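Undergrad: The structure under discussion is supplied below as structure tokens; questions concerning it will follow.
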There are 2 protein chains.
Amino acid sequence: MPAPHSRIPVERIIKPQSLAIIGASEDIGKFGGRFMHNVVRHGYAGRLLPINPGRETILGRPCFPNIGAAPGPIDVALVAVPAAQLRQTIEECGAAGVGACVVITAQLGEFSEAGAALQDEIVQVAAKYGMRLVGPNCLGMITPTHALGLTSSPTLQYAETLPRGSVGFVSQSGALMGTLFVLGYDHGIGFTSIVTVGNQADLELCDFFEVLIEDDETEVICLYVEALKTPMRFVELAQRARARGKRVLAVKAGRTEAGSAAARSHTASLAGSYAAFETVCEETGVLLMDEPEAMILAAGVLARAPRMGPGGIGMVVSSGGGGAVTADRFTVAGLPLAQWTEATRTRLDTHFPRTHQNNPVDLGAHFGALGPHIFKHAMDAVADDANTAAFIYTMTPQPLMPQTVDFVIDVWTRHTKPTIFVLDTSRFGEDVRQKLLQSGMPYLTRIDDAMRVLELLVRERDHGALAERAAPLRPQGAGPLSKTLPSGFLTEPEAKALFRSYGIATTQDRTVSTAQDAVKAAEAIGYPVVAKGVSRTVVHKSDVGLVRLGLSDADAVTQAFDEISRALAAAGDAGNPTVVIQEMVRGEAELIVGARHDEGFGPQVMVGFGGVMVEVLRDVRLASAPLDHDRARALLRKLKLWPILDGVRGRPKLDVDAVADTLVRLSWLAHDLGPRLQDLEINPLIVRVAGKGAVAVDGRGTLTEQA
Amino acid sequence: MPAPHSRIPVERIIKPQSLAIIGASEDIGKFGGRFMHNVVRHGYAGRLLPINPGRETILGRPCFPNIGAAPGPIDVALVAVPAAQLRQTIEECGAAGVGACVVITAQLGEFSEAGAALQDEIVQVAAKYGMRLVGPNCLGMITPTHALGLTSSPTLQYAETLPRGSVGFVSQSGALMGTLFVLGYDHGIGFTSIVTVGNQADLELCDFFEVLIEDDETEVICLYVEALKTPMRFVELAQRARARGKRVLAVKAGRTEAGSAAARSHTASLAGSYAAFETVCEETGVLLMDEPEAMILAAGVLARAPRMGPGGIGMVVSSGGGGAVTADRFTVAGLPLAQWTEATRTRLDTHFPRTHQNNPVDLGAHFGALGPHIFKHAMDAVADDANTAAFIYTMTPQPLMPQTVDFVIDVWTRHTKPTIFVLDTSRFGEDVRQKLLQSGMPYLTRIDDAMRVLELLVRERDHGALAERAAPLRPQGAGPLSKTLPSGFLTEPEAKALFRSYGIATTQDRTVSTAQDAVKAAEAIGYPVVAKGVSRTVVHKSDVGLVRLGLSDADAVTQAFDEISRALAAAGDAGNPTVVIQEMVRGEAELIVGARHDEGFGPQVMVGFGGVMVEVLRDVRLASAPLDHDRARALLRKLKLWPILDGVRGRPKLDVDAVADTLVRLSWLAHDLGPRLQDLEINPLIVRVAGKGAVAVDGRGTLTEQA
């Protein structure tokens with residue numbers, strides 16, 4: 001939504017009624033020339049106002065010496081001046097009543113401190129006038145639905161038209177616009193609008209994300225994200241997009257240190273926590289992908305594909321060898337292949353021997369002489385099969401190519417099932433490609449991309465139930481938060497007291513300061529016991545000898561107390577030793593359960609297998625807090641080691657409900673702590689067999705001071 | 001090597017001096033017409049002999065009514081007649097002195113029992129004459145180095161020339177030939193020869209693999225494998241290729257049930273064990289890949305790329321956003337990125353701020369105005385860096401495209417480092433593509449493929465040390481095999497006796513038949529002990545109550561003996577109960593170590609984490625037997641859970657040497673048993689801390705009768 005002071009709403013920026021190009025030129029070798037040529041070539045129908053003090057006309061349009069001399073109102077001014085002239089130009093645009101400036105000028109906030117200062121200045125100047133800014137360091141926008149090609153990308157001279165369709169794209173990278181526009185163009189993928197947001201000094205990714213959600217023609221929204229300016233707004237918008245039935249695809253840089261470094265230097269924004277972003281995408285149904293090219297190709301298919309229903313993938317191929325490898329790859333990737341119904345088998349019997357009625361059906365393996373009717377027969381049989389939820393055809397160089405493509409287009413037109421065409425013929429299949437472009441049927445050229453699309457369809461299908469859940473209810477006894485919370489690094493007793501106040505089961509613990517009290521505590525709890533030194537400074541207690549397990553009599557307890565006291569002193573804890581005596585808990589598995597407050601997305605919880613497994617396998621899952629028991633159980637089922645909880649090969653089922661309950665309660669604790677939470681961790685949570693519970697055996701945490 | 005009775009050597013089949021086409025036609029709509037047109041179009045220089053009783057000439061060449069009427073000698077006859085005429089045609093070819101028939105006719109062994117019978121018949125007919133067969137159910141061959149396009153593929157009418165280069169390809173799939181030929185053609189990849197072997201009724205994949213190894217022009221050999229006819233010959237040839245410095249790339253169908261089914265119906269051959277094949281590829285340096293298209297693209301790059309030296313990947317990009325995502329993907333995939341040396345940083349300082357000297361270097365993030373010298377500067381700085389072992393440039397639509405491509409070609413020409421060009425411009429970059437084709441520099445269009453090539457380069461580099469090892473030596477006390485081996489399903493005592501005879505440490509065991517003897521045995525071994533019922537029929541002892549752990553006194557042993565006796569009787573074991581009393585072994589990890597005799601590749605051993613992990617994570621590695629201690633240790637290091645053996649996060653290092661020794665000894669046992677071995681398994685092998693050994697606690701196996 002535009003800020004109250006905005007002169008124009010954001011949607012008008014991508015569909016301006018009038019457009020000034022500052023520094024316009026006829027020379028396509030110049031920046032301002034490329035913008036002019038691209039805008040004119042693609043038939044922008046609004047008022048186009050070239051600004052150049054040295055020319056009367058440019059490309060036949062009357063030219064104005066400065067923005068103030070151009071007739072208003074001016075919705076958008078394109079600003080690609082050198083940095084030295086930027087402040088002045090923005091000031092002039094503001095004074096001339098311009099609605100928004102699209103600022104191409106780079107080497108600002110993303111580049112240096114001086115650049116960042118100038119960027120701040122132009123934001124202030126624009127705000128003074130209620131003028132909005134896109135960029136700086138952006139590369140403009142392309143709005144095919146408005147015949148607007150407002151970018152310097154040379155790809156717009158290559159493209160004969162701006163392909164209009166239902167895919168929208170917002171990018172924090174300018175260069176990606178040209179790359180993905182032309183990829184889409186060559187694959188017949190049509191767009192509503194592509195917007196680059198650059199450094200997001202004023203308007204940001206979410207502003208245009210919202211415009212695309214509200215735009216009736218946009219059905220699939222693609223996002224290239226480096227760092228979100230308003231993470232919680234992103235979550236809200238993702239939910240809104242979902243509610244409107246729009247698909248959202250995203251790629252985010254900064255999954256690793258290397259990617260973060262590259263992204264940071266690129267847009268001057270911290271790449272942010274990838275895992276937290278991944279979590280909210282999963283929860284809101286945003287389809288996160290691994291690369292931008294694949295995202296646009298997938299968007300092209302999804303824009304023309306219904307959602308996938310129950311069943312598997314039905315495949316037809318023209319190369320048996322290629323099909324066998326594809327079947328292997330699908331299976332390894334967990335993509336479900338359909339099993340033909342008996343009706344389909346009977347139908348296939350006409351032309352295909354039973355021994356060859358596999359999935360994929362190989363068009364080469366039919367009875368008798370070749371004819372187009374055989375190909376059509378196979379396609380229809382597979383596409384019509386009740387178990388086929390998605391249809392895929394891979395065309396390799398083969399007989400009857402032009403006829404075959406018609407059969408596939410027919411399947412795509414006739415069926416309410418996603419249909420994927422893989423044109424694996426290199427440039428040899430140009431006539432087929434032209435037929436596809438004319439029909440509007442999307443196509444891919446690589447199985448890699450087909451697998452990505454199928455995985456998205458399956459992910460989308462599996463996600464259905466998850467996203468439409470009501471807000472979680474607070475379980476009995478989860479809180480309230482104590483009025484007097486500790487702060488800083490929490491000791492084990494402090495952390496466990498916090499857990500208990502939210503109804504999380506912990507070990508029976510007694511804190512003591514003398515060996516005598518330690519023995520008394522042990523006798524009250526019952527042998528064997530554990531003794532642990534309590535320190536606010538030691539992070540890994542075992543490493544410095546602060547933990548003694550399996551103490552089975554008074555002598556052992558006394559000796560352990562003395563050793564721990566010495567270790568505490570050695571670790572720098574002055575004064576009386578503080579030692580916890582606790583029951584020795586046994587169980588079937590050790591989990592780690594944690595919570596943190598993400599700066600952008602708020603509280604999140606984490607669960608995984610503990611001990612050595614968390615180090616070696618990194619087998620953990622995250623969720624936004626608070627969450628409900630169903631979601632907590634779903635999280636557990638996604639762990640690689642889930643079969644251990646579920647009782648693999650004769651082992652007992654463990655108390656999954658108790659683990660889920662622990663997660664839910666911790667999530668409410670995280671929620672209630674809000675920004676005071678830095679991190680909390682139960683490690684280990686010892687899980688017993690089903691019905692016997694789960695117990696927090698150790699815990700730690702860090703809370704910041706009360707705000 | 002040709003069989004002694006062969007009329008011509010195999011290499012002459014792909015480079016025939018004379019070639020008859022049976023059923024030749026001028027009509028390109030007919031099979032025999034397509035062969036004629038393709039052969040003539042690409043300038044076959046040998047004697048071409050069209051055979052057709054109804055024509056005087058075909059495409060200007062004199063035509064003969066039958067093969068017997070054509071002037072000999074005839075090296076190769078192309079046979080694409082209907083199945084009904086096949087036997088007669090083969091007979092005529094044999095009588096006419098033809099060297100080899102390339103049989104296109106399909107619906108034979110791959111299709112039906114009648115077809116298989118006919119296939120056997122033609123093999124016998126051909127053998128009678130010393131005539132060789134390629135196929136049936138193949139699609140011919142393309143030998144650019146001999147100007148021979150002997151295939152019906154329509155892609156040969158699209159291709160202006162047969163691109164000559166150093167890649168050879170043998171395929172069990174006919175259709176893949178056209179698909180990959182045209183993919184290579186469009187990417188400027190040149191071939192020595194492409195051969196399809198179809199049903200391998202006579203000549204098979206290894207025959208042509210050998211021809212390519214011996215061919216001086218062939219540097220990279222690609223193989224598409226469904227099932228090997230002679231697996232051990234494949235191993236020998238792979239080793240020979242490696243010794244000659246030739247790279248071998250392979251894709252094999254049948255990794256999963258679905259792929260096996262599809263491959264089986266395709267070439268009538270069992271797909272064989274993928275894991276065993278994967279193991280021999282790893283051991284012989286064959287670069288196994290996931291799909292055929294990627295294999296040809298990788299071959300194109302490798303044919304022009306030296307091996308990778310020490311260091312990482314140096315990357316330059318023209319799209320910062322794309323580069324950030326690529327850096328993420330490389331890192332997640334474990335592909336090492338280079339760290340710039342200080343010398344490179346200083347060099348980059350001229351045009352790039354320190355904050356932007358990441359890997360990748362983003363060409364957009366330079367000081368001052370754009371100029372081609374800046375691009376060249378960045379490329380050279382990165383390529384020259386001592387830490388850059390492989391260079392990659394990704395071109396997206398950008399300024400200065402034609403100049404930039406020259407800079408990359410210069411790097412590729414000048415450096416002895418693998419150089420990868422990713423042309424990410426869709427069809428917009430056609431002028432760049434033409435420049436690349438002219439220069440002979442290979443290119444890719446997707447990061448997916450670049451990652452595959454980089455992974456191959458790293459795999460090849462890491463493989464170096466492994467493959468050049470001497471034959472393993474038999475350790476002291478490994479064997480000899482007893483003269484009186486049991487057969488069938490082995491009991492635990494039988495299996496362990498076999499293990500001990502090869503020097504593998506097992507638990508101390510005593511076999512008893514009465515409770516009294518059980519107590520005596522326990523006292524001799526020392527409490528606590530384990531009692532296990534011995535049965536030749538029960539596979540999972542625990543499941544039927546045949547195992548009692550932690551028996552700590554005589555009463556417990558007596559009770560356990562009685563219970564096990566009853567369980568044995570219940571399980572159907574008549575007669576006196578046989579019970580093993582054994583020491584209770586404790587350790588830090590449980591492994592599973594096994595051996596089997598692969599029908600094709602002979603004995604192989606397996607090692608993995610046991611217990612629940614083998615079920616859940618399938619964390620196992622295979623090796624051919626026998627193997628040496630270094631290879632055994634290398635195998636262990638490849639386990640996902642290796643850090644547990646190596647001592648992760650304060651845990652002790654375990655006795656890896658003892659595990660390796662167990663594997664080595666089991667591998668000699670497997671080697672000596674030969675085809676009598678069905679399977680052997682130590683489960684668990686309990687591993688103690690370093691220096692304390694590893695003990696086989698349970699074992700089983702199956703041996704077939706003496707041959």
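Here's how to read the names in the structure tokens: chain A, B, ... by the order shown, residue numbers from 1 in each chain, ligand numbers from 1 in the order shown.
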Can you list every residue of chain A that has an atom at most 6 Å from chain B, with its nearest atom pair and the distance in Å to one decimal, using only C-alpha atoms, ordered by chain then number, as CSV?
TA:
```
residue,atom,partner,partner_atom,distance
A:Ser173,CA,B:Gly321,CA,5.1
A:Ala175,CA,B:Ser319,CA,5.2
A:Thr179,CA,B:Thr396,CA,5.8
A:Leu183,CA,B:Ser426,CA,5.4
A:Ala253,CA,B:Val325,CA,5.1
A:Arg255,CA,B:Asp328,CA,5.7
A:Thr256,CA,B:Asp328,CA,5.3
A:Ala258,CA,B:Ala327,CA,5.7
A:Gly259,CA,B:Ala324,CA,4.5
A:Ala262,CA,B:Ala324,CA,4.8
A:Ala263,CA,B:Ala324,CA,5.2
A:Ser265,CA,B:His356,CA,5.4
A:His266,CA,B:Gly320,CA,5.7
A:Ser319,CA,B:Ala175,CA,5.2
A:Gly320,CA,B:His266,CA,5.8
A:Gly321,CA,B:Ser173,CA,5.1
A:Ala324,CA,B:Gly259,CA,4.5
A:Val325,CA,B:Ala253,CA,5.1
A:Ala327,CA,B:Gly259,CA,4.9
A:Asp328,CA,B:Gly259,CA,4.5
A:His356,CA,B:Ser265,CA,5.5
A:Thr396,CA,B:Thr179,CA,5.8
A:Pro397,CA,B:Thr179,CA,5.8
A:Ser426,CA,B:Leu183,CA,5.4
```
Undergrad: Run DSSP on the backbone and grab whatever in stretch 218-278 of chain A lands in helix (DSSP H, G or I); send it over as a tab-separated table (two decimals) with N, CA, C and O atoms, in the first residue's frame.
TA:
```tsv
chain	number	residue	atom	x	y	z
A	231	PRO	N	10.29	-8.44	6.61
A	231	PRO	CA	10.02	-9.89	6.58
A	231	PRO	C	8.60	-10.27	6.98
A	231	PRO	O	7.98	-11.13	6.34
A	232	MET	N	8.05	-9.66	8.02
A	232	MET	CA	6.71	-10.07	8.45
A	232	MET	C	5.66	-9.68	7.41
A	232	MET	O	4.65	-10.36	7.26
A	233	ARG	N	5.91	-8.59	6.68
A	233	ARG	CA	4.99	-8.23	5.61
A	233	ARG	C	5.06	-9.28	4.50
A	233	ARG	O	4.04	-9.62	3.89
A	234	PHE	N	6.25	-9.79	4.26
A	234	PHE	CA	6.40	-10.86	3.27
A	234	PHE	C	5.53	-12.06	3.65
A	234	PHE	O	4.83	-12.63	2.81
A	235	VAL	N	5.55	-12.42	4.93
A	235	VAL	CA	4.75	-13.56	5.39
A	235	VAL	C	3.26	-13.28	5.17
A	235	VAL	O	2.52	-14.13	4.65
A	236	GLU	N	2.85	-12.07	5.52
A	236	GLU	CA	1.44	-11.71	5.36
A	236	GLU	C	1.03	-11.75	3.89
A	236	GLU	O	-0.02	-12.27	3.52
A	237	LEU	N	1.91	-11.23	3.03
A	237	LEU	CA	1.61	-11.22	1.59
A	237	LEU	C	1.59	-12.63	1.01
A	237	LEU	O	0.75	-12.95	0.16
A	238	ALA	N	2.52	-13.47	1.47
A	238	ALA	CA	2.55	-14.85	0.98
A	238	ALA	C	1.24	-15.54	1.33
A	238	ALA	O	0.67	-16.29	0.53
A	239	GLN	N	0.73	-15.28	2.54
A	239	GLN	CA	-0.55	-15.87	2.94
A	239	GLN	C	-1.69	-15.33	2.09
A	239	GLN	O	-2.58	-16.06	1.68
A	240	ARG	N	-1.63	-14.03	1.80
A	240	ARG	CA	-2.68	-13.43	0.99
A	240	ARG	C	-2.65	-14.01	-0.43
A	240	ARG	O	-3.70	-14.33	-1.01
A	241	ALA	N	-1.44	-14.17	-0.98
A	241	ALA	CA	-1.32	-14.74	-2.32
A	241	ALA	C	-1.92	-16.14	-2.36
A	241	ALA	O	-2.67	-16.50	-3.27
A	242	ARG	N	-1.64	-16.89	-1.33
A	242	ARG	CA	-2.17	-18.25	-1.24
A	242	ARG	C	-3.69	-18.24	-1.17
A	242	ARG	O	-4.37	-19.02	-1.85
A	243	ALA	N	-4.21	-17.34	-0.37
A	243	ALA	CA	-5.67	-17.23	-0.22
A	243	ALA	C	-6.33	-16.88	-1.55
A	243	ALA	O	-7.45	-17.30	-1.83
A	257	GLU	N	27.71	-19.01	3.19
A	257	GLU	CA	28.59	-17.86	3.38
A	257	GLU	C	29.01	-17.26	2.04
A	257	GLU	O	29.02	-16.05	1.85
A	258	ALA	N	29.38	-18.14	1.10
A	258	ALA	CA	29.87	-17.67	-0.20
A	258	ALA	C	28.78	-16.90	-0.92
A	258	ALA	O	29.02	-15.82	-1.47
A	259	GLY	N	27.57	-17.45	-0.90
A	259	GLY	CA	26.46	-16.78	-1.56
A	259	GLY	C	26.11	-15.48	-0.86
A	259	GLY	O	25.77	-14.47	-1.50
A	260	SER	N	26.19	-15.46	0.47
A	260	SER	CA	25.89	-14.24	1.22
A	260	SER	C	26.86	-13.14	0.84
A	260	SER	O	26.47	-12.00	0.61
A	261	ALA	N	28.14	-13.49	0.78
A	261	ALA	CA	29.16	-12.49	0.44
A	261	ALA	C	28.89	-11.92	-0.93
A	261	ALA	O	28.90	-10.71	-1.14
A	262	ALA	N	28.59	-12.80	-1.88
A	262	ALA	CA	28.34	-12.34	-3.25
A	262	ALA	C	27.08	-11.47	-3.30
A	262	ALA	O	27.04	-10.46	-3.99
A	263	ALA	N	26.05	-11.86	-2.57
A	263	ALA	CA	24.80	-11.10	-2.60
A	263	ALA	C	24.97	-9.76	-1.89
A	263	ALA	O	24.44	-8.74	-2.31
A	264	ARG	N	25.72	-9.75	-0.81
A	264	ARG	CA	25.91	-8.53	-0.02
A	264	ARG	C	26.57	-7.46	-0.87
A	264	ARG	O	26.13	-6.33	-0.90
A	265	SER	N	27.61	-7.86	-1.58
A	265	SER	CA	28.28	-6.86	-2.38
A	265	SER	C	27.39	-6.44	-3.54
A	265	SER	O	27.56	-5.39	-4.10
A	266	HIS	N	26.44	-7.27	-3.85
A	266	HIS	CA	25.60	-6.96	-4.99
A	266	HIS	C	24.52	-5.95	-4.67
A	266	HIS	O	24.25	-5.05	-5.44
A	267	THR	N	23.86	-6.06	-3.57
A	267	THR	CA	22.80	-5.10	-3.30
A	267	THR	C	22.93	-4.41	-1.95
A	267	THR	O	22.00	-3.78	-1.49
A	274	TYR	N	18.90	-17.82	5.82
A	274	TYR	CA	18.23	-18.64	4.82
A	274	TYR	C	17.28	-19.66	5.45
A	274	TYR	O	16.17	-19.87	4.97
A	275	ALA	N	17.72	-20.27	6.54
A	275	ALA	CA	16.88	-21.31	7.16
A	275	ALA	C	15.55	-20.74	7.65
A	275	ALA	O	14.50	-21.38	7.50
A	276	ALA	N	15.59	-19.53	8.21
A	276	ALA	CA	14.35	-18.91	8.68
A	276	ALA	C	13.43	-18.62	7.50
A	276	ALA	O	12.21	-18.83	7.56
A	277	PHE	N	14.02	-18.14	6.41
A	277	PHE	CA	13.23	-17.85	5.21
A	277	PHE	C	12.61	-19.13	4.64
A	277	PHE	O	11.44	-19.17	4.28
A	278	GLU	N	13.43	-20.16	4.58
A	278	GLU	CA	12.98	-21.47	4.09
A	278	GLU	C	11.76	-21.94	4.90
A	278	GLU	O	10.80	-22.48	4.37
```
Undergrad: One number please: atom CA of A:Met584 to atom CA of B:Val687, in Å, one decimal.
TA: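 Computing it gives 26.2 Å between the two atoms.
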Undergrad: Provide the atom CA of A:Leu673 to atom CA of A:His597 distance in Å, to one decimal place.
TA: 8.9 Å
Undergrad: Mind checking which residues fall within 12 Å of B:Ala660, counting only C-alpha atoms, ignoring those fewer than 6 positions away in the same chain, and posting them as a ChimeraX atom specification?
TA: /B:475,504,591,593,605-608,627-637,645,654,666-667,685,687,693-694
Undergrad: When you draw a straight line from atom CA of A:Thr105 to atom CA of A:Leu205, how long is it in Å?
TA: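 If I compute the distance from atom CA of A:Thr105 to atom CA of A:Leu205, I get 18.3 Å.
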Undergrad: Measuring atom to atom with only C-alpha atoms, identify which of A:Leu19, A:Ile14, A:Val125, A:Ile74 is nearest to A:Thr196.
TA: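 Going through A:Leu19, A:Ile14, A:Val125, A:Ile74 one by one, the smallest distance to A:Thr196 is for A:Ile14.
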Undergrad: Residues within 6 Å of stretch 488-503 of chain A, please, as a VMD selection string. Count only C-alpha atoms; anything in the same chain fewer than 5 positions from it doesn't count.
TA: chain A and resid 477 to 479 536 665 699 to 704
Undergrad: Would you return as a PyMOL selection string the members of stretch 181-244 of chain A that DSSP assigns to strand (DSSP E or B) on this structure's backbone?
TA: chain A and resi 191-196+220-225
Undergrad: Quick one: residues within 8 Å of B:Ala389, only C-alpha atoms, excluding same-chain residues fewer than 2 positions away - as a list in words?
TA: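 After dropping sequence-adjacent residues, the list is Met308, Gly309, Pro310, Gly311, Gly312, Ile313, Gly314, Ala338, Ala386, Asn387, Phe391, Lys417 and Pro418 of chain B.
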Undergrad: Store the residues picked out above in a file with N, CA, C and O atoms, as a PDB file, in the first residue's frame.
TA:
```pdb
ATOM      1  N   MET B 308      42.193 -31.205 -13.434  1.00  0.00           N
ATOM      2  CA  MET B 308      42.200 -30.102 -12.465  1.00  0.00           C
ATOM      3  C   MET B 308      43.330 -30.332 -11.460  1.00  0.00           C
ATOM      4  O   MET B 308      43.492 -31.435 -10.943  1.00  0.00           O
ATOM      5  N   GLY B 309      44.097 -29.276 -11.215  1.00  0.00           N
ATOM      6  CA  GLY B 309      45.165 -29.364 -10.229  1.00  0.00           C
ATOM      7  C   GLY B 309      44.672 -28.983  -8.847  1.00  0.00           C
ATOM      8  O   GLY B 309      43.463 -28.856  -8.626  1.00  0.00           O
ATOM      9  N   PRO B 310      45.592 -28.772  -7.905  1.00  0.00           N
ATOM     10  CA  PRO B 310      45.166 -28.376  -6.560  1.00  0.00           C
ATOM     11  C   PRO B 310      44.580 -26.963  -6.565  1.00  0.00           C
ATOM     12  O   PRO B 310      45.006 -26.125  -7.355  1.00  0.00           O
ATOM     13  N   GLY B 311      43.644 -26.711  -5.685  1.00  0.00           N
ATOM     14  CA  GLY B 311      43.011 -25.388  -5.609  1.00  0.00           C
ATOM     15  C   GLY B 311      41.518 -25.500  -5.769  1.00  0.00           C
ATOM     16  O   GLY B 311      40.954 -26.594  -5.689  1.00  0.00           O
ATOM     17  N   GLY B 312      40.878 -24.355  -5.998  1.00  0.00           N
ATOM     18  CA  GLY B 312      39.421 -24.331  -6.084  1.00  0.00           C
ATOM     19  C   GLY B 312      38.944 -23.747  -7.399  1.00  0.00           C
ATOM     20  O   GLY B 312      39.714 -23.568  -8.342  1.00  0.00           O
ATOM     21  N   ILE B 313      37.659 -23.431  -7.412  1.00  0.00           N
ATOM     22  CA  ILE B 313      37.026 -22.898  -8.612  1.00  0.00           C
ATOM     23  C   ILE B 313      37.084 -21.374  -8.547  1.00  0.00           C
ATOM     24  O   ILE B 313      36.718 -20.776  -7.535  1.00  0.00           O
ATOM     25  N   GLY B 314      37.555 -20.759  -9.620  1.00  0.00           N
ATOM     26  CA  GLY B 314      37.567 -19.299  -9.726  1.00  0.00           C
ATOM     27  C   GLY B 314      36.454 -18.874 -10.667  1.00  0.00           C
ATOM     28  O   GLY B 314      36.350 -19.392 -11.775  1.00  0.00           O
ATOM     29  N   ALA B 338      37.731 -21.053  -4.860  1.00  0.00           N
ATOM     30  CA  ALA B 338      39.085 -20.558  -4.570  1.00  0.00           C
ATOM     31  C   ALA B 338      39.021 -19.316  -3.683  1.00  0.00           C
ATOM     32  O   ALA B 338      38.073 -18.538  -3.740  1.00  0.00           O
ATOM     33  N   ALA B 386      46.811 -18.257  -8.323  1.00  0.00           N
ATOM     34  CA  ALA B 386      47.443 -19.555  -8.019  1.00  0.00           C
ATOM     35  C   ALA B 386      46.454 -20.518  -7.366  1.00  0.00           C
ATOM     36  O   ALA B 386      46.614 -21.739  -7.451  1.00  0.00           O
ATOM     37  N   ASN B 387      45.443 -19.986  -6.706  1.00  0.00           N
ATOM     38  CA  ASN B 387      44.461 -20.860  -6.064  1.00  0.00           C
ATOM     39  C   ASN B 387      43.333 -21.289  -7.005  1.00  0.00           C
ATOM     40  O   ASN B 387      42.485 -22.093  -6.620  1.00  0.00           O
ATOM     41  N   PHE B 391      38.475 -22.515 -14.005  1.00  0.00           N
ATOM     42  CA  PHE B 391      37.904 -21.185 -14.227  1.00  0.00           C
ATOM     43  C   PHE B 391      36.519 -21.337 -14.833  1.00  0.00           C
ATOM     44  O   PHE B 391      36.311 -22.159 -15.726  1.00  0.00           O
ATOM     45  N   LYS B 417      44.381 -24.850 -17.299  1.00  0.00           N
ATOM     46  CA  LYS B 417      43.366 -25.087 -16.265  1.00  0.00           C
ATOM     47  C   LYS B 417      42.046 -25.337 -16.987  1.00  0.00           C
ATOM     48  O   LYS B 417      41.772 -24.689 -18.000  1.00  0.00           O
ATOM     49  N   PRO B 418      41.217 -26.219 -16.455  1.00  0.00           N
ATOM     50  CA  PRO B 418      39.899 -26.384 -17.073  1.00  0.00           C
ATOM     51  C   PRO B 418      39.155 -25.049 -17.069  1.00  0.00           C
ATOM     52  O   PRO B 418      39.175 -24.334 -16.063  1.00  0.00           O
TER      53      PRO B 418
END
```
Undergrad: Hey, what's within 9 Å of B:Asp672 if we count only C-alpha atoms and toss same-chain stuff fewer than 2 positions away? As number ranges by chain, please?
TA: B: 479-481, 667-670, 674, 677
Undergrad: Ranking B:His146, B:His42, B:Arg55, B:Arg47 by minimum distance to B:Glu160 and counting only C-alpha atoms, which one comes first?
TA: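 Among the listed residues, the smallest separation from B:Glu160 belongs to B:His42.
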Undergrad: Would you kindly return, as a compact mmCIF listing (two decimals) with N, CA, C and O atoms, in the first residue's frame, each protein, DNA or RNA residue with an atom no farther than 9 Å from any atom of A:Glu92, considering only C-alpha atoms and excluding same-chain residues fewer than 5 positions away?
TA:
```txt
# COMPACT_ATOMS: atom_id res chain seq x y z
N ASN A 66 14.28 20.25 -19.71
CA ASN A 66 14.41 19.74 -18.35
C ASN A 66 13.05 19.26 -17.88
O ASN A 66 12.03 19.52 -18.52
N ILE A 67 13.03 18.58 -16.79
CA ILE A 67 11.79 17.94 -16.32
C ILE A 67 10.72 18.97 -15.99
O ILE A 67 9.53 18.73 -16.22
N GLY A 68 11.19 20.13 -15.51
CA GLY A 68 10.24 21.19 -15.17
C GLY A 68 9.53 21.73 -16.40
O GLY A 68 8.39 22.22 -16.30
N ARG A 87 21.40 13.94 -6.98
CA ARG A 87 20.63 14.67 -5.98
C ARG A 87 19.81 15.78 -6.63
O ARG A 87 18.60 15.93 -6.40
N GLY A 97 6.65 17.69 -9.75
CA GLY A 97 5.45 16.91 -9.48
C GLY A 97 5.48 15.47 -9.96
O GLY A 97 4.44 14.83 -10.08
N VAL A 98 6.67 14.95 -10.22
CA VAL A 98 6.77 13.55 -10.67
C VAL A 98 6.25 12.60 -9.59
O VAL A 98 6.51 12.83 -8.39
```
Undergrad: Give the answer as one residue: which of B:Ala560, B:Val220, B:Val547, B:Leu59 has the shortest atom-to-atom distance to B:Gly300, using only C-alpha atoms?
TA: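 Of B:Ala560, B:Val220, B:Val547, B:Leu59, the one nearest B:Gly300, counting only C-alpha atoms, is B:Val220.
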